Amino acid sequence: MLRCTRLARRGALLGSALLGLGLTAAAQPVPAQSGPPDARPDVTVATLTWPPYTKRSLPKGGAVTAVVRAAFDAVGRDVRVRYRPWNRAIALAKAESTGVVAYYPGYHCNHRPDAGFLRSYVIGMRPLGLAKRANAAFSWTSLADLEGFRIGTVVGYANTRTFDRKVAAEELWTIESHSDRRNLHKLIEGRLDYAVIDKHVMTYLLNTDPELRPHRDEVVMDDTLLGRMPLFVCFRNSPRGKALRSAFNDGLTQVPYKDIMAGRIARLSAKGAE
């Protein structure tokens, strides 16, 4: 009987000790999770400086960048944008070690034959044409009409396939520059007859660039366009690139991307927001 009583006391003491340990543990604060609980995953993309479509200092980064941000925002992702010269932007997206998974805006996503980029849904259309001096007495309706004229192009930019094929065959006389802005200067100075340029880019530069604005009435876009070019986001062909392209396409269907693009182009070209 005495033995049983002692065992019962030991059991009671042990139970009290365990209960005390449990209460002490429960009173300890739970370690906080690292980072804000509402943090969203981000995606890093590369583009060039090409206003009004893309430029770091423009609201939302430019008209096309605004579309890219809106589409990713719709699927819960934030966007980090790296602004680089065009060929460098493509190289960043090609190299997986850079963390950049896509570049934009591409016409066809085949700027490097071995790159293996994947096109997104179309994010917009751009009118590509030929700028000329307002007092020019010539015009064109077919590419054959352009033979013999000095035509300014930009290094690294793709134009329409038929135009680029004629350039490659040396059937057209093209003179390369490093920017649309430089080509407009050469056009005004009479060193070019035509300059291949996007209509919205031309309007933006003539209305906002301090050196070009005094000459904006001296340059017009020829009535005949080279074409209307679709714009894409070009994702690296990798498992992550495929997943992000799918997410981006889903987001694009949820936002009024055409209105976003048109509205921002109109405001930026008219006011030159910087």
# chains A, B, ... in the order shown; residues from 1 in each chain; ligands from 1
>>> select_by_dssp(residues="segment 30-178 of chain A", states="strand (DSSP E or B)", output="PyMOL selection string")
chain A and resi 42-47+50+54+78-83+100-106+117-119+124-133+150-154+173-177
>>> residues_around(residues="Lys55 of chain A", least_positions_apart="6", cutoff="12 Å", atoms="only C-alpha atoms", output="JSON, numbers by chain")
{"A": [46, 47, 48, 49, 61, 62, 63, 64, 65, 66, 81, 82, 83, 84, 85, 201, 268, 272, 273, 274]}
>>> closest_residue(among="A:His108, A:Phe117, A:Asn87, A:Phe72", to="Arg236 of chain A", atoms="only C-alpha atoms")
A:Phe117
>>> select_by_dssp(residues="segment 58-222 of chain A", states="alpha helix (DSSP H)", output="ChimeraX atom specification")
/A:63-74,86-94,161-168,180-188,199-208
>>> atom_distance(atom1="atom CA of Val67 of chain A", atom2="atom CA of Tyr257 of chain A")
5.7 Å
>>> residues_around(residues="Gly124 of chain A", least_positions_apart="4", cutoff="8 Å", atoms="only C-alpha atoms", output="VMD selection string")
chain A and resid 64 230 to 232 257 to 258 261
>>> write_last_selection(atoms="N, CA, C and O atoms", output="CSV table (one decimal), in the first residue's frame")
chain,number,residue,atom,x,y,z
A,64,VAL,N,4.5,50.5,-73.9
A,64,VAL,CA,4.5,49.1,-74.0
A,64,VAL,C,4.9,48.5,-72.6
A,64,VAL,O,4.3,47.5,-72.2
A,230,PRO,N,3.3,43.5,-85.6
A,230,PRO,CA,2.9,43.1,-84.2
A,230,PRO,C,4.1,43.1,-83.3
A,230,PRO,O,5.2,42.9,-83.7
A,231,LEU,N,3.8,43.4,-82.0
A,231,LEU,CA,4.8,43.5,-81.0
A,231,LEU,C,4.6,42.3,-80.0
A,231,LEU,O,3.4,42.0,-79.6
A,232,PHE,N,5.6,41.7,-79.5
A,232,PHE,CA,5.6,40.6,-78.6
A,232,PHE,C,6.5,40.8,-77.4
A,232,PHE,O,7.5,41.6,-77.5
A,257,TYR,N,-5.4,46.0,-72.8
A,257,TYR,CA,-4.0,46.4,-73.3
A,257,TYR,C,-4.0,47.3,-74.5
A,257,TYR,O,-3.2,48.2,-74.6
A,258,LYS,N,-5.0,47.2,-75.4
A,258,LYS,CA,-5.0,48.1,-76.5
A,258,LYS,C,-5.3,49.5,-76.1
A,258,LYS,O,-4.7,50.5,-76.6
A,261,MET,N,-2.2,51.0,-74.3
A,261,MET,CA,-1.2,51.4,-75.3
A,261,MET,C,-1.5,52.7,-76.0
A,261,MET,O,-0.8,53.6,-76.0
>>> closest_residue(among="A:Cys234, A:Val45, A:Leu205, A:Val79", to="Gly106 of chain A", atoms="only C-alpha atoms")
A:Cys234
>>> atom_distance(atom1="atom CA of Pro52 of chain A", atom2="atom CA of Tyr204 of chain A")
6.4 Å
>>> atom_distance(atom1="atom CA of Arg56 of chain A", atom2="atom CA of Gly227 of chain A")
27.4 Å
>>> residues_around(residues="Gln254 of chain A", least_positions_apart="2", cutoff="12 Å", atoms="only C-alpha atoms", output="PyMOL selection string")
chain A and resi 67+70-75+247-252+256-258
>>> write_last_selection(atoms="N, CA and C atoms", output="JSON list (two decimals), in the first residue's frame")
[["chain", "number", "residue", "atom", "x", "y", "z"],
["A", 67, "VAL", "N", 1.88, 48.13, -70.53],
["A", 67, "VAL", "CA", 1.10, 46.92, -70.85],
["A", 67, "VAL", "C", 1.73, 45.70, -70.19],
["A", 70, "ALA", "N", 0.96, 45.78, -66.51],
["A", 70, "ALA", "CA", -0.45, 45.51, -66.23],
["A", 70, "ALA", "C", -0.77, 44.02, -66.36],
["A", 71, "ALA", "N", -0.21, 43.37, -67.38],
["A", 71, "ALA", "CA", -0.49, 41.95, -67.59],
["A", 71, "ALA", "C", 0.08, 41.10, -66.46],
["A", 72, "PHE", "N", 1.31, 41.40, -66.04],
["A", 72, "PHE", "CA", 1.88, 40.63, -64.94],
["A", 72, "PHE", "C", 1.19, 40.95, -63.61],
["A", 73, "ASP", "N", 0.79, 42.21, -63.44],
["A", 73, "ASP", "CA", 0.08, 42.58, -62.21],
["A", 73, "ASP", "C", -1.22, 41.79, -62.09],
["A", 74, "ALA", "N", -1.88, 41.55, -63.21],
["A", 74, "ALA", "CA", -3.15, 40.83, -63.19],
["A", 74, "ALA", "C", -3.00, 39.39, -62.68],
["A", 75, "VAL", "N", -1.77, 38.84, -62.77],
["A", 75, "VAL", "CA", -1.54, 37.48, -62.28],
["A", 75, "VAL", "C", -0.64, 37.48, -61.05],
["A", 247, "ALA", "N", 1.77, 32.60, -67.82],
["A", 247, "ALA", "CA", 1.19, 33.53, -66.85],
["A", 247, "ALA", "C", 0.95, 34.89, -67.49],
["A", 248, "PHE", "N", 1.93, 35.36, -68.27],
["A", 248, "PHE", "CA", 1.78, 36.67, -68.93],
["A", 248, "PHE", "C", 0.60, 36.66, -69.88],
["A", 249, "ASN", "N", 0.50, 35.63, -70.71],
["A", 249, "ASN", "CA", -0.62, 35.56, -71.66],
["A", 249, "ASN", "C", -1.96, 35.56, -70.95],
["A", 250, "ASP", "N", -2.02, 34.86, -69.82],
["A", 250, "ASP", "CA", -3.25, 34.84, -69.04],
["A", 250, "ASP", "C", -3.58, 36.23, -68.53],
["A", 251, "GLY", "N", -2.55, 36.94, -68.03],
["A", 251, "GLY", "CA", -2.77, 38.30, -67.54],
["A", 251, "GLY", "C", -3.17, 39.25, -68.64],
["A", 252, "LEU", "N", -2.59, 39.07, -69.83],
["A", 252, "LEU", "CA", -2.89, 39.97, -70.94],
["A", 252, "LEU", "C", -4.37, 39.91, -71.33],
["A", 256, "PRO", "N", -7.25, 45.70, -70.49],
["A", 256, "PRO", "CA", -7.53, 46.37, -71.77],
["A", 256, "PRO", "C", -6.24, 46.91, -72.40],
["A", 257, "TYR", "N", -5.39, 46.00, -72.84],
["A", 257, "TYR", "CA", -4.05, 46.39, -73.26],
["A", 257, "TYR", "C", -4.04, 47.34, -74.45],
["A", 258, "LYS", "N", -5.00, 47.21, -75.36],
["A", 258, "LYS", "CA", -5.05, 48.11, -76.51],
["A", 258, "LYS", "C", -5.33, 49.55, -76.06]]
>>> closest_atom_pairs(of="segment 105-164 of chain A", to="segment 207-218 of chain A", cutoff="8 Å", atoms="only C-alpha atoms", output="CSV")
residue,atom,partner,partner_atom,distance
A:Arg133,CA,A:Glu218,CA,5.7
A:Ala134,CA,A:Glu218,CA,5.1
A:Asn135,CA,A:Glu218,CA,7.4
>>> closest_residue(among="A:Trp86, A:Asp198, A:Val100, A:Pro59", to="Leu244 of chain A", atoms="only C-alpha atoms")
A:Val100
>>> decode(residues="segment 253-266 of chain A", atoms="all heavy atoms", output="mmCIF file, in the first residue's frame")
data_model
loop_
_atom_site.group_PDB
_atom_site.id
_atom_site.type_symbol
_atom_site.label_atom_id
_atom_site.label_comp_id
_atom_site.auth_asym_id
_atom_site.auth_seq_id
_atom_site.Cartn_x
_atom_site.Cartn_y
_atom_site.Cartn_z
ATOM 1 N N THR A 253 -4.959 38.722 -71.210
ATOM 2 C CA THR A 253 -6.381 38.578 -71.558
ATOM 3 C C THR A 253 -7.284 39.259 -70.537
ATOM 4 O O THR A 253 -8.480 39.428 -70.796
ATOM 5 C CB THR A 253 -6.774 37.088 -71.654
ATOM 6 O OG1 THR A 253 -6.629 36.469 -70.364
ATOM 7 C CG2 THR A 253 -5.909 36.358 -72.667
ATOM 8 N N GLN A 254 -6.726 39.643 -69.391
ATOM 9 C CA GLN A 254 -7.535 40.231 -68.326
ATOM 10 C C GLN A 254 -7.468 41.756 -68.286
ATOM 11 O O GLN A 254 -8.155 42.379 -67.469
ATOM 12 C CB GLN A 254 -7.079 39.683 -66.963
ATOM 13 C CG GLN A 254 -7.186 38.183 -66.821
ATOM 14 C CD GLN A 254 -6.675 37.704 -65.482
ATOM 15 O OE1 GLN A 254 -6.954 38.306 -64.442
ATOM 16 N NE2 GLN A 254 -5.918 36.605 -65.492
ATOM 17 N N VAL A 255 -6.645 42.373 -69.124
ATOM 18 C CA VAL A 255 -6.482 43.825 -69.080
ATOM 19 C C VAL A 255 -6.794 44.438 -70.449
ATOM 20 O O VAL A 255 -6.617 43.786 -71.483
ATOM 21 C CB VAL A 255 -5.049 44.214 -68.659
ATOM 22 C CG1 VAL A 255 -4.753 43.701 -67.256
ATOM 23 C CG2 VAL A 255 -4.008 43.676 -69.643
ATOM 24 N N PRO A 256 -7.245 45.701 -70.489
ATOM 25 C CA PRO A 256 -7.526 46.370 -71.770
ATOM 26 C C PRO A 256 -6.245 46.910 -72.397
ATOM 27 O O PRO A 256 -6.029 48.111 -72.498
ATOM 28 C CB PRO A 256 -8.470 47.499 -71.354
ATOM 29 C CG PRO A 256 -8.023 47.851 -69.967
ATOM 30 C CD PRO A 256 -7.593 46.550 -69.330
ATOM 31 N N TYR A 257 -5.391 45.997 -72.844
ATOM 32 C CA TYR A 257 -4.046 46.393 -73.257
ATOM 33 C C TYR A 257 -4.045 47.343 -74.455
ATOM 34 O O TYR A 257 -3.175 48.212 -74.567
ATOM 35 C CB TYR A 257 -3.190 45.156 -73.543
ATOM 36 C CG TYR A 257 -3.617 44.336 -74.730
ATOM 37 C CD1 TYR A 257 -3.067 44.538 -75.979
ATOM 38 C CD2 TYR A 257 -4.571 43.326 -74.593
ATOM 39 C CE1 TYR A 257 -3.455 43.785 -77.069
ATOM 40 C CE2 TYR A 257 -4.964 42.561 -75.673
ATOM 41 C CZ TYR A 257 -4.412 42.797 -76.905
ATOM 42 O OH TYR A 257 -4.801 42.046 -77.991
ATOM 43 N N LYS A 258 -5.005 47.210 -75.358
ATOM 44 C CA LYS A 258 -5.048 48.114 -76.510
ATOM 45 C C LYS A 258 -5.329 49.545 -76.065
ATOM 46 O O LYS A 258 -4.732 50.495 -76.578
ATOM 47 C CB LYS A 258 -6.116 47.650 -77.506
ATOM 48 C CG LYS A 258 -5.796 46.336 -78.197
ATOM 49 C CD LYS A 258 -6.901 45.942 -79.173
ATOM 50 C CE LYS A 258 -6.596 44.616 -79.847
ATOM 51 N NZ LYS A 258 -7.676 44.207 -80.786
ATOM 52 N N ASP A 259 -6.228 49.703 -75.117
ATOM 53 C CA ASP A 259 -6.547 51.037 -74.598
ATOM 54 C C ASP A 259 -5.365 51.612 -73.822
ATOM 55 O O ASP A 259 -5.084 52.814 -73.898
ATOM 56 C CB ASP A 259 -7.780 50.977 -73.694
ATOM 57 C CG ASP A 259 -9.048 50.618 -74.455
ATOM 58 O OD1 ASP A 259 -9.076 50.815 -75.686
ATOM 59 O OD2 ASP A 259 -10.002 50.132 -73.823
ATOM 60 N N ILE A 260 -4.683 50.758 -73.043
ATOM 61 C CA ILE A 260 -3.511 51.219 -72.290
ATOM 62 C C ILE A 260 -2.458 51.747 -73.249
ATOM 63 O O ILE A 260 -1.906 52.835 -73.070
ATOM 64 C CB ILE A 260 -2.938 50.070 -71.435
ATOM 65 C CG1 ILE A 260 -3.927 49.668 -70.344
ATOM 66 C CG2 ILE A 260 -1.599 50.479 -70.816
ATOM 67 C CD1 ILE A 260 -3.514 48.422 -69.580
ATOM 68 N N MET A 261 -2.189 50.981 -74.293
ATOM 69 C CA MET A 261 -1.171 51.368 -75.266
ATOM 70 C C MET A 261 -1.547 52.658 -75.983
ATOM 71 O O MET A 261 -0.764 53.623 -76.025
ATOM 72 C CB MET A 261 -0.977 50.247 -76.292
ATOM 73 C CG MET A 261 0.020 50.572 -77.398
ATOM 74 S SD MET A 261 1.687 50.117 -76.992
ATOM 75 C CE MET A 261 1.618 48.346 -77.203
ATOM 76 N N ALA A 262 -2.752 52.708 -76.546
ATOM 77 C CA ALA A 262 -3.168 53.867 -77.342
ATOM 78 C C ALA A 262 -3.228 55.127 -76.491
ATOM 79 O O ALA A 262 -2.798 56.205 -76.917
ATOM 80 C CB ALA A 262 -4.529 53.591 -77.983
ATOM 81 N N GLY A 263 -3.768 55.005 -75.271
ATOM 82 C CA GLY A 263 -3.897 56.174 -74.411
ATOM 83 C C GLY A 263 -2.558 56.763 -74.029
ATOM 84 O O GLY A 263 -2.375 57.989 -74.059
ATOM 85 N N ARG A 264 -1.622 55.913 -73.674
ATOM 86 C CA ARG A 264 -0.315 56.422 -73.261
ATOM 87 C C ARG A 264 0.474 56.986 -74.426
ATOM 88 O O ARG A 264 1.173 57.987 -74.288
ATOM 89 C CB ARG A 264 0.475 55.316 -72.556
ATOM 90 C CG ARG A 264 -0.097 55.001 -71.195
ATOM 91 C CD ARG A 264 0.831 54.204 -70.311
ATOM 92 N NE ARG A 264 0.269 54.130 -68.970
ATOM 93 C CZ ARG A 264 0.441 55.042 -68.034
ATOM 94 N NH1 ARG A 264 1.175 56.108 -68.292
ATOM 95 N NH2 ARG A 264 -0.124 54.903 -66.844
ATOM 96 N N ILE A 265 0.390 56.361 -75.589
ATOM 97 C CA ILE A 265 1.079 56.898 -76.753
ATOM 98 C C ILE A 265 0.565 58.292 -77.080
ATOM 99 O O ILE A 265 1.346 59.216 -77.348
ATOM 100 C CB ILE A 265 0.904 55.963 -77.970
ATOM 101 C CG1 ILE A 265 1.778 54.725 -77.805
ATOM 102 C CG2 ILE A 265 1.264 56.683 -79.271
ATOM 103 C CD1 ILE A 265 1.583 53.691 -78.884
ATOM 104 N N ALA A 266 -0.749 58.465 -77.057
ATOM 105 C CA ALA A 266 -1.341 59.768 -77.376
ATOM 106 C C ALA A 266 -0.888 60.836 -76.389
ATOM 107 O O ALA A 266 -0.500 61.943 -76.783
ATOM 108 C CB ALA A 266 -2.858 59.657 -77.381
#
